[in-house]
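What's in my_file10.cif: mmCIF, C-alpha atoms and all ligand atoms
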data_run
#
loop_
_atom_site.label_atom_id
_atom_site.label_comp_id
_atom_site.auth_asym_id
_atom_site.auth_seq_id
_atom_site.Cartn_x
_atom_site.Cartn_y
_atom_site.Cartn_z
CA MET T 1 17.47 14.28 17.24
CA ILE T 2 14.79 13.95 14.59
CA LEU T 3 11.44 15.72 14.60
CA SER T 4 8.69 13.65 12.97
CA ILE T 5 5.21 14.63 11.87
CA GLU T 6 2.21 12.38 11.09
CA SER T 7 -0.99 13.70 9.50
CA SER T 8 -2.03 11.03 6.98
CA CYS T 9 -5.58 10.72 8.31
CA ASP T 10 -7.29 12.03 11.45
CA ASP T 11 -4.44 12.11 13.97
CA SER T 12 -2.09 15.09 14.27
CA ALA T 13 1.09 13.81 15.90
CA VAL T 14 4.62 15.01 16.50
CA ALA T 15 7.57 13.12 17.98
CA ILE T 16 11.18 13.81 18.85
CA SER T 17 13.46 10.76 18.64
CA GLU T 18 17.12 10.52 19.55
CA ILE T 19 19.07 9.08 16.64
CA LYS T 20 21.85 7.33 18.54
CA THR T 21 19.83 5.73 21.33
CA LYS T 22 16.48 5.44 19.45
CA LYS T 23 14.85 6.91 22.56
CA LEU T 24 11.54 8.67 22.18
CA LEU T 25 12.00 12.01 23.93
CA PHE T 26 8.64 13.60 23.10
CA HIS T 27 5.39 12.39 21.63
CA LYS T 28 2.11 14.21 21.41
CA LYS T 29 -0.98 13.35 19.43
CA ILE T 30 -4.27 15.17 18.97
CA SER T 31 -6.99 12.88 17.59
CA GLN T 32 -9.96 14.19 15.67
CA GLU T 33 -12.24 11.23 16.40
CA LEU T 34 -14.90 13.34 18.13
CA GLU T 35 -15.10 15.84 15.28
CA HIS T 36 -15.57 13.10 12.66
CA SER T 37 -17.83 10.92 14.81
CA ILE T 38 -21.10 12.56 13.73
CA TYR T 39 -20.24 11.83 10.08
CA GLY T 40 -19.43 8.16 10.76
CA GLY T 41 -16.05 8.53 9.04
CA VAL T 42 -13.24 10.96 8.29
CA VAL T 43 -14.18 14.07 6.28
CA PRO T 44 -10.90 14.99 4.50
CA GLU T 45 -11.37 18.79 4.31
CA LEU T 46 -12.40 19.00 7.96
CA ALA T 47 -9.41 16.81 8.89
CA ALA T 48 -7.02 19.08 6.97
CA ARG T 49 -8.36 22.17 8.72
CA LEU T 50 -7.99 20.52 12.14
CA HIS T 51 -4.39 19.49 11.33
CA ALA T 52 -3.62 23.10 10.40
CA GLN T 53 -4.76 24.11 13.91
CA ALA T 54 -3.29 21.20 15.89
CA LEU T 55 0.18 20.77 14.37
CA PRO T 56 1.50 24.28 15.16
CA LYS T 57 0.23 23.87 18.74
CA ILE T 58 2.10 20.58 19.23
CA LEU T 59 5.22 21.94 17.51
CA GLU T 60 5.20 24.80 19.98
CA ASP T 61 5.41 22.24 22.82
CA ALA T 62 8.43 20.59 21.16
CA LYS T 63 10.31 23.86 20.60
CA GLU T 64 12.91 23.20 23.29
CA TYR T 65 14.34 20.40 21.12
CA PHE T 66 14.63 22.46 17.92
CA SER T 67 18.28 23.46 18.46
CA SER T 68 19.26 19.76 18.64
CA LEU T 69 17.49 18.66 15.47
CA LYS T 70 19.42 16.96 12.67
CA ALA T 71 16.43 16.31 10.37
CA VAL T 72 12.67 16.66 10.01
CA ALA T 73 10.66 13.60 8.98
CA VAL T 74 7.11 13.56 7.70
CA THR T 75 4.60 11.02 6.39
CA THR T 76 4.23 11.59 2.65
CA ASN T 77 2.23 8.50 1.55
CA PRO T 78 -0.19 6.78 1.55
CA GLY T 79 -3.06 8.73 3.09
CA LEU T 80 -5.46 11.57 2.35
CA SER T 81 -3.72 14.08 0.06
CA VAL T 82 -5.15 17.15 1.78
CA THR T 83 -4.17 16.00 5.27
CA LEU T 84 -0.71 14.73 4.21
CA LEU T 85 -0.06 18.18 2.71
CA GLU T 86 -0.63 19.88 6.07
CA GLY T 87 2.15 17.79 7.65
CA VAL T 88 4.48 18.24 4.69
CA MET T 89 4.04 22.02 4.73
CA MET T 90 4.85 22.15 8.45
CA ALA T 91 7.85 19.87 7.97
CA LYS T 92 9.17 22.00 5.11
CA ALA T 93 8.77 25.19 7.12
CA VAL T 94 10.71 23.75 10.08
CA ALA T 95 13.42 22.16 7.88
CA HIS T 96 13.86 25.35 5.88
CA SER T 97 14.03 27.65 8.87
CA LEU T 98 16.52 25.42 10.71
CA GLY T 99 18.51 24.58 7.56
CA ILE T 100 18.27 20.81 8.13
CA PRO T 101 17.31 17.98 5.74
CA LEU T 102 13.87 16.47 5.20
CA ILE T 103 12.98 12.77 5.31
CA GLY T 104 9.77 11.59 3.57
CA VAL T 105 8.35 8.51 5.29
CA ASN T 106 5.94 5.84 4.03
CA HIS T 107 3.12 5.37 6.53
CA LEU T 108 2.93 1.57 6.07
CA VAL T 109 6.63 1.21 6.80
CA GLY T 110 5.85 3.38 9.81
CA HIS T 111 3.33 0.83 11.09
CA ILE T 112 5.94 -1.95 10.67
CA TYR T 113 8.50 0.12 12.58
CA SER T 114 5.98 0.73 15.39
CA LEU T 115 7.31 -2.64 16.57
CA PHE T 116 10.79 -1.14 16.99
CA ILE T 117 10.04 2.09 18.88
CA GLU T 118 12.91 2.54 21.38
CA LYS T 119 14.21 -0.86 20.22
CA GLU T 120 16.59 -2.39 17.69
CA GLU T 121 14.94 -3.68 14.53
CA PHE T 122 14.79 -7.43 13.86
CA PHE T 123 14.01 -9.38 10.70
CA PRO T 124 12.73 -11.46 8.94
CA LEU T 125 9.19 -10.79 10.02
CA THR T 126 5.96 -11.90 8.40
CA THR T 127 3.70 -8.94 9.06
CA LEU T 128 -0.06 -8.47 8.91
CA LEU T 129 -1.06 -4.81 8.67
CA VAL T 130 -4.67 -4.16 9.63
CA SER T 131 -5.74 -0.53 9.68
CA GLY T 132 -8.44 1.79 8.41
CA GLY T 133 -6.75 2.00 5.03
CA HIS T 134 -5.07 -1.39 4.65
CA THR T 135 -5.31 -5.14 5.12
CA GLN T 136 -2.01 -6.42 3.91
CA LEU T 137 0.22 -9.42 4.51
CA MET T 138 3.91 -8.70 3.97
CA GLU T 139 7.21 -10.56 4.07
CA VAL T 140 9.64 -8.10 5.60
CA LYS T 141 13.28 -9.11 5.22
CA SER T 142 14.74 -5.66 5.90
CA PHE T 143 13.90 -1.97 5.53
CA GLU T 144 14.71 -2.27 1.82
CA SER T 145 12.96 -5.60 1.28
CA ILE T 146 9.22 -5.50 1.98
CA LYS T 147 7.16 -7.79 -0.23
CA THR T 148 3.35 -7.74 -0.17
CA VAL T 149 1.98 -11.27 -0.49
CA ALA T 150 -1.74 -10.51 -0.03
CA LYS T 151 -3.86 -7.38 0.15
CA SER T 152 -7.46 -6.28 0.17
CA MET T 153 -9.33 -6.08 -3.11
CA ASP T 154 -11.77 -3.54 -1.66
CA ASP T 155 -12.47 -2.36 1.90
CA SER T 156 -9.99 -2.90 4.72
CA PHE T 157 -10.49 -4.79 7.98
CA GLY T 158 -10.66 -1.61 10.11
CA GLU T 159 -12.84 0.18 7.58
CA SER T 160 -15.40 -2.64 7.72
CA PHE T 161 -15.70 -2.11 11.50
CA ASP T 162 -16.12 1.63 10.87
CA LYS T 163 -18.86 1.01 8.32
CA VAL T 164 -20.74 -1.49 10.49
CA ALA T 165 -20.67 1.00 13.39
CA LYS T 166 -21.95 3.69 11.02
CA MET T 167 -24.82 1.43 9.88
CA MET T 168 -25.79 1.04 13.54
CA SER T 169 -25.34 4.82 14.12
CA LEU T 170 -22.78 4.12 16.84
CA GLY T 171 -20.10 6.69 15.86
CA TYR T 172 -16.48 6.59 14.72
CA PRO T 173 -14.00 4.88 14.88
CA GLY T 174 -16.01 1.69 14.71
CA GLY T 175 -13.29 -0.78 15.72
CA PRO T 176 -13.32 -0.26 19.49
CA ILE T 177 -17.11 0.35 19.50
CA ILE T 178 -17.94 -2.89 17.66
CA GLU T 179 -15.36 -4.87 19.66
CA LYS T 180 -16.95 -3.72 22.93
CA LEU T 181 -20.48 -4.42 21.70
CA ALA T 182 -19.47 -7.87 20.43
CA LYS T 183 -18.17 -8.92 23.86
CA ASP T 184 -21.69 -9.63 25.13
CA GLY T 185 -22.95 -10.94 21.82
CA ASP T 186 -23.46 -14.39 20.34
CA ARG T 187 -20.93 -15.01 17.55
CA ALA T 188 -22.98 -17.90 16.17
CA ARG T 189 -26.37 -16.20 15.98
CA TYR T 190 -25.99 -14.86 12.45
CA ALA T 191 -24.23 -17.00 9.84
CA LEU T 192 -22.58 -14.14 7.95
CA PRO T 193 -20.51 -15.12 4.89
CA ILE T 194 -16.79 -15.48 5.51
CA PRO T 195 -15.24 -13.56 2.58
CA LEU T 196 -13.50 -15.55 -0.20
CA HIS T 197 -14.22 -18.70 1.76
CA GLN T 198 -14.25 -20.93 -1.35
CA SER T 199 -11.65 -18.96 -3.28
CA PRO T 200 -8.05 -20.19 -3.53
CA LYS T 201 -6.97 -16.55 -3.90
CA LEU T 202 -4.51 -15.19 -1.38
CA ALA T 203 -6.33 -11.87 -0.95
CA PHE T 204 -8.70 -10.07 1.39
CA SER T 205 -12.13 -8.60 0.77
CA TYR T 206 -14.62 -6.95 3.10
CA SER T 207 -17.24 -5.34 0.86
CA GLY T 208 -19.40 -8.50 0.59
CA LEU T 209 -19.43 -9.05 4.34
CA LYS T 210 -20.30 -5.38 4.87
CA ASN T 211 -23.31 -5.73 2.57
CA ALA T 212 -24.43 -8.92 4.33
CA VAL T 213 -24.29 -7.01 7.64
CA ARG T 214 -26.32 -4.20 6.09
CA LEU T 215 -29.10 -6.63 5.10
CA THR T 216 -29.03 -8.26 8.54
CA ILE T 217 -29.36 -4.88 10.25
CA GLU T 218 -32.35 -3.98 8.08
CA ASP T 219 -34.31 -6.92 9.49
CA ALA T 220 -33.09 -6.55 13.07
CA GLN T 221 -34.01 -4.69 16.23
CA LYS T 222 -31.60 -2.62 18.34
CA GLU T 223 -31.37 -5.43 20.92
CA ASP T 224 -29.97 -7.71 18.19
CA TYR T 225 -27.02 -5.35 17.50
CA LYS T 226 -24.66 -7.03 19.96
CA ASP T 227 -25.20 -10.41 18.29
CA ILE T 228 -24.74 -8.83 14.85
CA ALA T 229 -21.52 -7.18 16.05
CA ALA T 230 -20.26 -10.50 17.46
CA SER T 231 -21.21 -12.46 14.33
CA PHE T 232 -19.60 -9.79 12.13
CA GLU T 233 -16.37 -9.75 14.17
CA TYR T 234 -16.25 -13.55 13.95
CA ALA T 235 -16.59 -13.53 10.12
CA ALA T 236 -14.11 -10.63 9.73
CA VAL T 237 -11.47 -12.38 11.85
CA MET T 238 -12.12 -15.87 10.44
CA HIS T 239 -11.49 -14.47 6.95
CA ILE T 240 -7.99 -13.47 8.03
CA VAL T 241 -7.48 -16.76 9.86
CA GLN T 242 -8.47 -18.80 6.79
CA LYS T 243 -6.16 -16.86 4.49
CA LEU T 244 -3.26 -17.05 6.94
CA LYS T 245 -3.80 -20.81 7.27
CA LYS T 246 -3.50 -21.12 3.51
CA TYR T 247 -0.38 -18.96 3.43
CA PHE T 248 1.31 -20.78 6.31
CA LYS T 249 1.03 -24.04 4.34
CA ILE T 250 3.23 -22.50 1.63
CA SER T 251 5.39 -20.48 4.00
CA PRO T 252 5.41 -21.67 7.65
CA PRO T 253 5.65 -18.72 10.07
CA LYS T 254 8.50 -18.11 12.50
CA ASN T 255 8.32 -14.52 13.57
CA PHE T 256 4.87 -13.06 12.95
CA ALA T 257 3.67 -9.53 13.68
CA ILE T 258 0.31 -7.75 13.58
CA VAL T 259 0.48 -3.97 13.24
CA GLY T 260 -1.89 -1.08 12.53
CA GLY T 261 -4.81 0.46 14.40
CA ALA T 262 -6.96 -2.67 14.16
CA SER T 263 -4.19 -4.86 15.62
CA ALA T 264 -5.65 -3.73 18.96
CA ASN T 265 -8.53 -6.16 18.33
CA ALA T 266 -8.32 -8.83 21.04
CA TYR T 267 -10.26 -11.51 19.15
CA LEU T 268 -7.96 -11.15 16.12
CA ARG T 269 -4.90 -11.39 18.38
CA GLU T 270 -6.24 -14.53 20.11
CA ARG T 271 -7.13 -16.35 16.90
CA VAL T 272 -3.81 -15.55 15.22
CA GLN T 273 -1.94 -16.62 18.36
CA GLU T 274 -3.79 -19.96 18.22
CA LEU T 275 -2.85 -20.36 14.58
CA LEU T 276 0.84 -19.75 15.30
CA ALA T 277 1.07 -22.19 18.22
CA PRO T 278 1.53 -25.45 16.25
CA TYR T 279 4.38 -23.82 14.32
CA GLY T 280 6.11 -22.68 17.50
CA ALA T 281 6.08 -19.20 15.98
CA THR T 282 6.24 -16.00 18.02
CA LEU T 283 3.64 -13.23 17.80
CA PHE T 284 4.95 -9.66 17.98
CA LEU T 285 2.68 -6.68 18.64
CA SER T 286 3.30 -2.97 19.03
CA GLU T 287 2.55 -1.32 22.35
CA LEU T 288 -1.18 -0.55 22.38
CA LYS T 289 -0.60 3.21 22.28
CA TYR T 290 1.48 2.82 19.09
CA CYS T 291 -0.94 0.52 17.19
CA SER T 292 -3.00 3.43 15.87
CA ASP T 293 -1.47 6.28 13.90
CA ASN T 294 1.31 8.11 15.70
CA ALA T 295 4.49 10.06 15.04
CA ALA T 296 6.78 7.84 17.15
CA MET T 297 6.68 5.14 14.46
CA ILE T 298 7.43 7.74 11.76
CA GLY T 299 10.38 8.92 13.85
CA ARG T 300 11.64 5.35 14.21
CA VAL T 301 11.63 4.86 10.41
CA ALA T 302 13.30 8.25 10.06
CA ILE T 303 16.20 7.13 12.28
CA LYS T 304 16.73 4.22 9.88
CA MET T 305 16.50 6.49 6.83
CA TYR T 306 18.87 9.01 8.43
CA GLU T 307 21.41 6.24 8.99
CA LEU T 308 21.01 5.21 5.33
CA GLY T 309 21.27 8.83 4.13
CA LEU T 310 17.82 8.78 2.54
CA PHE T 311 16.90 12.45 2.48
CA SER T 312 14.32 14.30 0.38
CA ASP T 313 14.57 17.54 -1.52
CA LEU T 314 12.89 20.50 0.16
CA HIS T 315 11.51 21.83 -3.12
CA THR T 316 10.29 18.61 -4.71
CA LEU T 317 9.03 16.54 -1.75
CA GLY T 318 5.32 15.94 -2.39
CA VAL T 319 2.53 13.72 -1.14
CA SER T 320 0.69 10.76 -2.61
CA PRO T 321 -2.56 9.06 -1.58
CA LYS T 322 -1.03 5.81 -2.87
CA SER T 323 1.77 3.83 -1.29
CA LEU T 324 5.06 4.61 -3.00
CA ALA T 325 7.05 2.00 -1.07
O1 LIG F 1 -3.73 2.58 11.87
P1 LIG F 1 -4.91 3.42 12.09
O2 LIG F 1 -4.94 4.31 13.32
O3 LIG F 1 -5.19 4.36 10.88
C1 LIG F 1 -4.93 3.98 9.55
O4 LIG F 1 -3.75 3.98 9.13
O5 LIG F 1 -5.94 3.65 8.87
O6 LIG F 1 -6.19 2.45 12.12
C2 LIG F 1 -7.47 2.93 12.38
C3 LIG F 1 -8.47 1.81 12.11
C4 LIG F 1 -9.92 2.27 12.14
O7 LIG F 1 -10.60 1.74 11.03
C5 LIG F 1 -10.44 1.65 13.45
O8 LIG F 1 -11.82 1.38 13.45
C6 LIG F 1 -9.63 0.37 13.50
O9 LIG F 1 -8.32 0.75 13.08
N1 LIG F 1 -9.57 -0.19 14.86
C7 LIG F 1 -10.07 -1.41 15.20
C8 LIG F 1 -9.89 -1.53 16.60
N2 LIG F 1 -9.27 -0.40 17.05
C9 LIG F 1 -9.09 0.40 15.98
N3 LIG F 1 -10.66 -2.35 14.46
C10 LIG F 1 -11.08 -3.48 15.09
N4 LIG F 1 -10.94 -3.67 16.41
C11 LIG F 1 -10.36 -2.73 17.21
N5 LIG F 1 -10.23 -2.94 18.51
ZN ZN F 2 -2.15 4.02 9.93
#

In structure tokens, write the structure found in this file.
Amino acid sequence: MILSIESSCDDSAVAISEIKTKKLLFHKKISQELEHSIYGGVVPELAARLHAQALPKILEDAKEYFSSLKAVAVTTNPGLSVTLLEGVMMAKAVAHSLGIPLIGVNHLVGHIYSLFIEKEEFFPLTTLLVSGGHTQLMEVKSFESIKTVAKSMDDSFGESFDKVAKMMSLGYPGGPIIEKLAKDGDRARYALPIPLHQSPKLAFSYSGLKNAVRLTIEDAQKEDYKDIAASFEYAAVMHIVQKLKKYFKISPPKNFAIVGGASANAYLRERVQELLAPYGATLFLSELKYCSDNAAMIGRVAIKMYELGLFSDLHTLGVSPKSLA
């Protein structure tokens, strides 16, 4: 079995995965959403302190599996340095005390492998990652061959939902809050700018849209918020739709996946599904509970890395806020 730890942002999670069968034997996650909600976003130092409290508690619950462990996996990048460190320190302590190897896992690869939890992997897969940290389109041919074809130049898709919710003083995380509010709103009421609409660039950008929402909110009343949320969600999703349309002309899709916390967004799912239909392409999604950050996806990558013999050194394994994959 492999023990895996995830602490790249505001979720403390631990999983136990069986190497041979890929079965998930244990998974527990403690989210810090409530603690960060009053700040309208994640406060790194507070997050690190909460991980230091939560991770030992969850590890205690997984103790019965310790004698069967063959390796300890941990997210090392990308993410918040101070929170990644908490997970890495725990992982090192467990690996050292049990005398088993360490596996350092890339969080983005983790989101891709959230599709394969308790399953065999399958490729090639054109994958859109939409999370709080990333908006990235990737051609995934195998574990070793992941090519980014488009990414955000500034804010991410999920982050823009978080910031819009913060502007409306609605709490954190903004994604589910704005999605719910938008359900009763009028998508056409505010003509917000669809990012990079005229640009031939294959890239994403959300800072301009965020500022347009800010100006709209300044002139609005509280009862307008649902229409602003709906109009914002429309522009945010249409931006992705327009860029995918452009990309599909160069590279027609076959197997397409959306992963990451914001892949839970129903409007995004619907519009991408529509886009795929004329190509006869299939849309793959992770189970809802594994869209947002979790340790099961880290464990699934770790099984792959264990099979490939990709271990890390106990003394030199470090963390990085940037993606090293
Ligand atoms: O993958 P994730 O849990 O953490 C990162 O790796 O960043 O993604 C969290 C992000 C947050 O920005 C959250 O607001 C967004 O995903 N999110 C959503 C929805 N659910 C979560 N964004 C839009 N619509 C949603 N339904
Ligand atoms: Zn994530």

What residues of the protein or nucleic acid chains come within 6 Å of ligand ZN 2 (chain F) when you use only C-alpha atoms and all ligand atoms? Reply as number ranges by chain. T: 131, 260, 293

Could you work out how far CA of Leu275 in chain T lies from CA of Thr135 in chain T, giving the answer in Å with one decimal? 18.1 Å

If I take CA of Ser114 in chain T and CA of Met297 in chain T, how far is one from the other in Å, to one decimal? 4.6 Å

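Residue nearest His134 in chain T, chosen from T:Asp186, T:Glu159, T:Glu35, T:Glu6 and counting only C-alpha atoms: T:Glu159.
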
Can I get the residues close to ligand LIG 1 (chain F) as a PyMOL selection string, where close means within 7 Å and we count all atoms listed in the file? chain T and resi 9+131-134+157-159+161-162+173-176+179+260-266+291-293

For the selection just defined, write its residues with C-alpha atoms to a file, as a PDB file, keeping the file's coordinate frame.
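Resulting contents of out-v8.pdb:
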ATOM      1  CA  CYS T   9      -5.580  10.720   8.310  1.00  0.00           C
ATOM      2  CA  SER T 131      -5.740  -0.530   9.680  1.00  0.00           C
ATOM      3  CA  GLY T 132      -8.440   1.790   8.410  1.00  0.00           C
ATOM      4  CA  GLY T 133      -6.750   2.000   5.030  1.00  0.00           C
ATOM      5  CA  HIS T 134      -5.070  -1.390   4.650  1.00  0.00           C
ATOM      6  CA  PHE T 157     -10.490  -4.790   7.980  1.00  0.00           C
ATOM      7  CA  GLY T 158     -10.660  -1.610  10.110  1.00  0.00           C
ATOM      8  CA  GLU T 159     -12.840   0.180   7.580  1.00  0.00           C
ATOM      9  CA  PHE T 161     -15.700  -2.110  11.500  1.00  0.00           C
ATOM     10  CA  ASP T 162     -16.120   1.630  10.870  1.00  0.00           C
ATOM     11  CA  PRO T 173     -14.000   4.880  14.880  1.00  0.00           C
ATOM     12  CA  GLY T 174     -16.010   1.690  14.710  1.00  0.00           C
ATOM     13  CA  GLY T 175     -13.290  -0.780  15.720  1.00  0.00           C
ATOM     14  CA  PRO T 176     -13.320  -0.260  19.490  1.00  0.00           C
ATOM     15  CA  GLU T 179     -15.360  -4.870  19.660  1.00  0.00           C
ATOM     16  CA  GLY T 260      -1.890  -1.080  12.530  1.00  0.00           C
ATOM     17  CA  GLY T 261      -4.810   0.460  14.400  1.00  0.00           C
ATOM     18  CA  ALA T 262      -6.960  -2.670  14.160  1.00  0.00           C
ATOM     19  CA  SER T 263      -4.190  -4.860  15.620  1.00  0.00           C
ATOM     20  CA  ALA T 264      -5.650  -3.730  18.960  1.00  0.00           C
ATOM     21  CA  ASN T 265      -8.530  -6.160  18.330  1.00  0.00           C
ATOM     22  CA  ALA T 266      -8.320  -8.830  21.040  1.00  0.00           C
ATOM     23  CA  CYS T 291      -0.940   0.520  17.190  1.00  0.00           C
ATOM     24  CA  SER T 292      -3.000   3.430  15.870  1.00  0.00           C
ATOM     25  CA  ASP T 293      -1.470   6.280  13.900  1.00  0.00           C
TER      26      ASP T 293
END

Determine the nearest neighbour of Lys119 in chain T from the options T:Lys166, T:Lys289, T:His239, T:Lys20, counting all atoms listed in the file.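 Smallest separation from Lys119 in chain T among the options: T:Lys20.
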
When you look at range 38-43 of chain T with a cut-off of 7 Å (counting all atoms listed in the file), what residues show up, excluding the ones that are within fewer than 6 positions of it in the same chain? I need them as a count of residues only. 4

With all atoms listed in the file as the basis for distance, which of T:Met168, T:Ala296, T:Leu209, T:Met1 is at the shortest distance from His27 in chain T?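 Once distances to His27 in chain T are computed over all atoms listed in the file, the minimum belongs to T:Ala296.
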
Find the spatial neighbours of range 223-237 of chain T, counting all atoms listed in the file, within a cut-off of 7 Å - ignore same-chain residues fewer than 6 positions away - and output them as a list in words.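 Within the cut-off, the hits are Ile178, Leu181, Ala182, Lys183, Asp184, Gly185, Asp186, Arg187, Ala188, Arg189, Tyr190, Leu192, Pro193, Ile194 and Leu268 of chain T.
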
Residue completion, range 223-230 of chain T, all heavy atoms, as a PDB file, in the frame of the given file:
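Contents of rebuild-v6.pdb, freshly written:
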ATOM      1  N   GLU T 223     -31.884  -4.448  19.950  1.00  0.00           N
ATOM      2  CA  GLU T 223     -31.370  -5.430  20.920  1.00  0.00           C
ATOM      3  C   GLU T 223     -30.607  -6.575  20.236  1.00  0.00           C
ATOM      4  O   GLU T 223     -29.940  -7.370  20.906  1.00  0.00           O
ATOM      5  CB  GLU T 223     -32.473  -5.962  21.843  1.00  0.00           C
ATOM      6  CG  GLU T 223     -33.699  -6.522  21.150  1.00  0.00           C
ATOM      7  CD  GLU T 223     -34.771  -5.437  20.929  1.00  0.00           C
ATOM      8  OE1 GLU T 223     -34.425  -4.248  20.810  1.00  0.00           O
ATOM      9  OE2 GLU T 223     -35.961  -5.811  20.856  1.00  0.00           O
ATOM     10  N   ASP T 224     -30.720  -6.671  18.916  1.00  0.00           N
ATOM     11  CA  ASP T 224     -29.970  -7.710  18.190  1.00  0.00           C
ATOM     12  C   ASP T 224     -28.553  -7.241  17.833  1.00  0.00           C
ATOM     13  O   ASP T 224     -27.730  -8.030  17.382  1.00  0.00           O
ATOM     14  CB  ASP T 224     -30.683  -8.062  16.878  1.00  0.00           C
ATOM     15  CG  ASP T 224     -32.101  -8.554  17.113  1.00  0.00           C
ATOM     16  OD1 ASP T 224     -32.304  -9.297  18.088  1.00  0.00           O
ATOM     17  OD2 ASP T 224     -32.996  -8.189  16.321  1.00  0.00           O
ATOM     18  N   TYR T 225     -28.281  -5.921  17.984  1.00  0.00           N
ATOM     19  CA  TYR T 225     -27.020  -5.350  17.500  1.00  0.00           C
ATOM     20  C   TYR T 225     -25.784  -6.035  18.081  1.00  0.00           C
ATOM     21  O   TYR T 225     -24.788  -6.216  17.401  1.00  0.00           O
ATOM     22  CB  TYR T 225     -26.968  -3.846  17.781  1.00  0.00           C
ATOM     23  CG  TYR T 225     -27.750  -3.009  16.781  1.00  0.00           C
ATOM     24  CD1 TYR T 225     -28.607  -3.606  15.858  1.00  0.00           C
ATOM     25  CD2 TYR T 225     -27.635  -1.615  16.765  1.00  0.00           C
ATOM     26  CE1 TYR T 225     -29.336  -2.837  14.954  1.00  0.00           C
ATOM     27  CE2 TYR T 225     -28.352  -0.840  15.850  1.00  0.00           C
ATOM     28  CZ  TYR T 225     -29.199  -1.460  14.954  1.00  0.00           C
ATOM     29  OH  TYR T 225     -29.912  -0.699  14.052  1.00  0.00           O
ATOM     30  N   LYS T 226     -25.854  -6.417  19.368  1.00  0.00           N
ATOM     31  CA  LYS T 226     -24.660  -7.030  19.960  1.00  0.00           C
ATOM     32  C   LYS T 226     -24.358  -8.382  19.309  1.00  0.00           C
ATOM     33  O   LYS T 226     -23.186  -8.739  19.104  1.00  0.00           O
ATOM     34  CB  LYS T 226     -24.746  -7.120  21.485  1.00  0.00           C
ATOM     35  CG  LYS T 226     -25.888  -7.935  22.049  1.00  0.00           C
ATOM     36  CD  LYS T 226     -25.778  -7.902  23.575  1.00  0.00           C
ATOM     37  CE  LYS T 226     -26.672  -8.874  24.293  1.00  0.00           C
ATOM     38  NZ  LYS T 226     -28.074  -8.907  23.870  1.00  0.00           N
ATOM     39  N   ASP T 227     -25.408  -9.120  18.962  1.00  0.00           N
ATOM     40  CA  ASP T 227     -25.200 -10.410  18.290  1.00  0.00           C
ATOM     41  C   ASP T 227     -24.708 -10.198  16.855  1.00  0.00           C
ATOM     42  O   ASP T 227     -23.880 -10.967  16.349  1.00  0.00           O
ATOM     43  CB  ASP T 227     -26.497 -11.228  18.274  1.00  0.00           C
ATOM     44  CG  ASP T 227     -26.929 -11.644  19.679  1.00  0.00           C
ATOM     45  OD1 ASP T 227     -26.048 -11.706  20.568  1.00  0.00           O
ATOM     46  OD2 ASP T 227     -28.126 -11.889  19.897  1.00  0.00           O
ATOM     47  N   ILE T 228     -25.211  -9.145  16.213  1.00  0.00           N
ATOM     48  CA  ILE T 228     -24.740  -8.830  14.850  1.00  0.00           C
ATOM     49  C   ILE T 228     -23.257  -8.440  14.915  1.00  0.00           C
ATOM     50  O   ILE T 228     -22.441  -8.902  14.113  1.00  0.00           O
ATOM     51  CB  ILE T 228     -25.573  -7.696  14.202  1.00  0.00           C
ATOM     52  CG1 ILE T 228     -27.036  -8.132  14.065  1.00  0.00           C
ATOM     53  CG2 ILE T 228     -24.996  -7.319  12.834  1.00  0.00           C
ATOM     54  CD1 ILE T 228     -27.970  -7.056  13.524  1.00  0.00           C
ATOM     55  N   ALA T 229     -22.918  -7.608  15.898  1.00  0.00           N
ATOM     56  CA  ALA T 229     -21.520  -7.180  16.050  1.00  0.00           C
ATOM     57  C   ALA T 229     -20.617  -8.389  16.287  1.00  0.00           C
ATOM     58  O   ALA T 229     -19.541  -8.510  15.692  1.00  0.00           O
ATOM     59  CB  ALA T 229     -21.401  -6.193  17.215  1.00  0.00           C
ATOM     60  N   ALA T 230     -21.063  -9.309  17.146  1.00  0.00           N
ATOM     61  CA  ALA T 230     -20.260 -10.500  17.460  1.00  0.00           C
ATOM     62  C   ALA T 230     -20.130 -11.411  16.243  1.00  0.00           C
ATOM     63  O   ALA T 230     -19.035 -11.930  15.956  1.00  0.00           O
ATOM     64  CB  ALA T 230     -20.885 -11.254  18.628  1.00  0.00           C
TER      65      ALA T 230
END
